[in-house]
Amino acid sequence: MADEQKPVVPSAPAAGAGPAVTTVTPAAAAAGAHAAKPAPAPRPSAAPIPDLAGKTTNAASPGGAAARTAAPAAAKAATRDPDDTSPLLTRRAWMGLAWGAFSAASAAALAATGRFMFPNVLNEPPQQFKAGFPNEYGVGVDERWKEKYGVWLVRTPEDIEQHASGFYSLSVTCTHLGCTPNYLSAENKFKCPCHGSGFRITGVNFEGPAPRPLERTRIVLAEDGQILVDKSRHFQRELGQWSDPEAFLKA
Ligand code: FES
């Protein structure tokens with residue numbers, strides 16, 4: 001049949017004839033849908049991969065297969081993709097961390113227990129001490145026990161309370177705010193350096209902010225004839241306690 005439609009094969013355009021015109025029939029378009037797909041671009045040839053001996057291989061070479069598998073693994077281990085969300089530490093690393101934390105906690109608990117077994121010990125001087133024999137003292141203020149035991153021993157020919165000769169022991173703690181006064185022999189008084197309180201050698205306050213006299217401590221004669229000072233018991237003049245027999249040692 002002269003009118004039968006024949007598929008038209010595209011022909012190359014003749015030089016200078018303008019763009020080629022291709023006529024495709026509907027049947028041919030349906031049948032050749034797949035054939036009209038553009039062919040995939042050719043793959044670039046594999047880059048040479050250096051092997052351990054320094055030789056280069058590529059995918060086609062005999063050693064290329066091993067290099068293909070080893071090289072990406074090494075590269076992956078060396079650099080980490082920022083999008084990689086896999087765990088940062090291995091299981092072994094986690095176990096090491098856990099053991100380290102456990103050991104540190106155990107050591108801290110052990111140290112706390114040890115500290116509990118050895119509490120703070122306050123090394124205060126004993127409350128009682130023997131101050132020697134009465135004949136070792138002259139009249140006046142003796143400062144030999146001030147630093148070690150915190151008292152002055154005073155020998156007087158006549159006490160203002162007991163009206164007798166003998167000894168009394170004065171605490172070195174200022175009755176204002178607790179500083180330690182100094183004995184000023186030239187003025188025969190105790191003077192507190194903190195706020196200026198002054199005390200006579202009897203212990204009575206007479207200047208500055210101190211509200212009351214210095215306190216006396218218990219003083220008796222020990223069995224061996226020495227003076228025994230006992231700081232566990234104090235006597236306050238404003239309470240009438242200086243008249244207590246143990247607030248003064250007659251001698
Ligand atoms: S503490 Fe002694 S005067 Fe204030």
# chains A, B, ... in the order shown; residues from 1 in each chain; ligands from 1

$ residues_around --residues "range 195-201 of chain A" --least-positions-apart "3" --cutoff "12 Å" --atoms "only C-alpha atoms" --output "PyMOL selection string"
chain A and resi 139-142+152-156+159-160+167-185+187-192+204-216

$ closest_residue --among "A:Arg237, A:Ala101, A:Leu89, A:Pro125" --to "Lys148 in chain A" --atoms "only C-alpha atoms"
A:Pro125

$ select_by_dssp --residues "range 106-246 of chain A" --states "alpha helix (DSSP H)" --output "list of chain:residue names"
A:Ser106, A:Ala107, A:Ala108, A:Ala109, A:Leu110, A:Ala111, A:Ala112, A:Thr113, A:Gly114, A:Arg115, A:Phe116, A:Met117, A:Lys146, A:Glu147, A:Lys148, A:Tyr149

$ write_last_selection --atoms "all heavy atoms" --output "short mmCIF file (atom, residue, chain, number, x, y, z; two decimals), in the first residue's frame"
data_model
loop_
_atom_site.label_atom_id
_atom_site.label_comp_id
_atom_site.auth_asym_id
_atom_site.auth_seq_id
_atom_site.Cartn_x
_atom_site.Cartn_y
_atom_site.Cartn_z
N SER A 106 35.00 4.50 95.26
CA SER A 106 35.42 3.63 96.36
C SER A 106 36.54 4.27 97.16
O SER A 106 36.56 4.22 98.40
CB SER A 106 35.87 2.28 95.81
OG SER A 106 34.82 1.68 95.10
N ALA A 107 37.50 4.87 96.46
CA ALA A 107 38.61 5.51 97.16
C ALA A 107 38.13 6.67 98.02
O ALA A 107 38.57 6.85 99.16
CB ALA A 107 39.65 6.00 96.14
N ALA A 108 37.17 7.45 97.49
CA ALA A 108 36.64 8.58 98.26
C ALA A 108 35.91 8.09 99.51
O ALA A 108 36.05 8.65 100.60
CB ALA A 108 35.69 9.41 97.39
N ALA A 109 35.15 7.00 99.36
CA ALA A 109 34.42 6.46 100.51
C ALA A 109 35.40 5.94 101.56
O ALA A 109 35.22 6.12 102.76
CB ALA A 109 33.48 5.35 100.05
N LEU A 110 36.46 5.31 101.07
CA LEU A 110 37.47 4.77 102.00
C LEU A 110 38.15 5.91 102.75
O LEU A 110 38.39 5.83 103.96
CB LEU A 110 38.50 3.96 101.21
CG LEU A 110 39.33 2.96 102.01
CD1 LEU A 110 38.42 1.90 102.62
CD2 LEU A 110 40.37 2.31 101.11
N ALA A 111 38.48 6.99 102.02
CA ALA A 111 39.13 8.14 102.67
C ALA A 111 38.21 8.75 103.73
O ALA A 111 38.65 9.13 104.81
CB ALA A 111 39.51 9.17 101.62
N ALA A 112 36.91 8.85 103.40
CA ALA A 112 35.97 9.44 104.37
C ALA A 112 35.87 8.57 105.61
O ALA A 112 35.81 9.07 106.74
CB ALA A 112 34.60 9.60 103.71
N THR A 113 35.89 7.26 105.40
CA THR A 113 35.83 6.35 106.55
C THR A 113 37.07 6.50 107.42
O THR A 113 37.00 6.55 108.65
CB THR A 113 35.70 4.90 106.05
OG1 THR A 113 34.56 4.82 105.20
CG2 THR A 113 35.53 3.95 107.22
N GLY A 114 38.22 6.59 106.75
CA GLY A 114 39.46 6.75 107.50
C GLY A 114 39.48 8.04 108.29
O GLY A 114 39.94 8.09 109.43
N ARG A 115 38.95 9.12 107.64
CA ARG A 115 38.89 10.42 108.34
C ARG A 115 37.99 10.31 109.57
O ARG A 115 38.26 10.93 110.60
CB ARG A 115 38.34 11.45 107.36
CG ARG A 115 38.31 12.86 107.89
CD ARG A 115 39.71 13.46 107.89
NE ARG A 115 39.71 14.78 108.50
CZ ARG A 115 39.66 14.99 109.82
NH1 ARG A 115 39.63 13.96 110.65
NH2 ARG A 115 39.68 16.22 110.30
N PHE A 116 36.93 9.53 109.46
CA PHE A 116 36.01 9.36 110.58
C PHE A 116 36.70 8.62 111.73
O PHE A 116 36.44 8.88 112.89
CB PHE A 116 34.79 8.57 110.10
CG PHE A 116 33.82 8.26 111.19
CD1 PHE A 116 32.96 9.24 111.67
CD2 PHE A 116 33.75 7.00 111.74
CE1 PHE A 116 32.06 8.95 112.68
CE2 PHE A 116 32.86 6.70 112.74
CZ PHE A 116 32.02 7.68 113.22
N MET A 117 37.61 7.71 111.37
CA MET A 117 38.28 6.93 112.40
C MET A 117 39.31 7.76 113.16
O MET A 117 39.72 7.38 114.25
CB MET A 117 38.99 5.72 111.77
CG MET A 117 38.06 4.77 111.06
SD MET A 117 36.87 4.01 112.18
CE MET A 117 37.94 2.90 113.06
N LYS A 146 51.82 32.24 131.60
CA LYS A 146 50.87 32.93 130.72
C LYS A 146 50.71 32.22 129.37
O LYS A 146 49.58 31.96 128.93
CB LYS A 146 51.34 34.38 130.50
CG LYS A 146 50.45 35.16 129.54
CD LYS A 146 50.98 36.57 129.29
CE LYS A 146 50.14 37.31 128.27
NZ LYS A 146 50.67 38.65 127.97
N GLU A 147 51.82 31.94 128.72
CA GLU A 147 51.74 31.36 127.38
C GLU A 147 51.21 29.93 127.40
O GLU A 147 50.38 29.55 126.59
CB GLU A 147 53.13 31.39 126.71
CG GLU A 147 53.64 32.78 126.42
CD GLU A 147 52.73 33.55 125.47
OE1 GLU A 147 52.13 32.92 124.58
OE2 GLU A 147 52.59 34.78 125.64
N LYS A 148 51.71 29.15 128.34
CA LYS A 148 51.38 27.72 128.33
C LYS A 148 50.01 27.42 128.91
O LYS A 148 49.27 26.58 128.40
CB LYS A 148 52.46 26.95 129.09
CG LYS A 148 52.34 25.43 128.92
CD LYS A 148 53.54 24.73 129.51
CE LYS A 148 53.43 23.22 129.29
NZ LYS A 148 54.57 22.50 129.89
N TYR A 149 49.67 28.12 130.00
CA TYR A 149 48.40 27.78 130.67
C TYR A 149 47.40 28.92 130.72
O TYR A 149 46.27 28.73 131.17
CB TYR A 149 48.70 27.30 132.10
CG TYR A 149 49.48 26.00 132.14
CD1 TYR A 149 50.82 25.98 132.53
CD2 TYR A 149 48.88 24.80 131.77
CE1 TYR A 149 51.54 24.80 132.56
CE2 TYR A 149 49.60 23.61 131.80
CZ TYR A 149 50.93 23.61 132.19
OH TYR A 149 51.64 22.43 132.22
#

$ residues_around --residues "range 223-226 of chain A" --least-positions-apart "3" --cutoff "9 Å" --atoms "only C-alpha atoms" --output "ChimeraX atom specification"
/A:130-134,220

$ atom_distance --atom1 "atom 3 (S, counted along the ligand's line) of ligand 1" --atom2 "CA of Gln241 in chain A"
22.8 Å

$ closest_residue --among "A:Pro193, A:Thr217, A:Glu238, A:Asn120" --to "ligand 1" --atoms "only C-alpha atoms and all ligand atoms"
A:Pro193

$ closest_residue --among "A:Cys194, A:Ile227, A:Leu239, A:Leu221" --to "ligand 1" --atoms "only C-alpha atoms and all ligand atoms"
A:Cys194
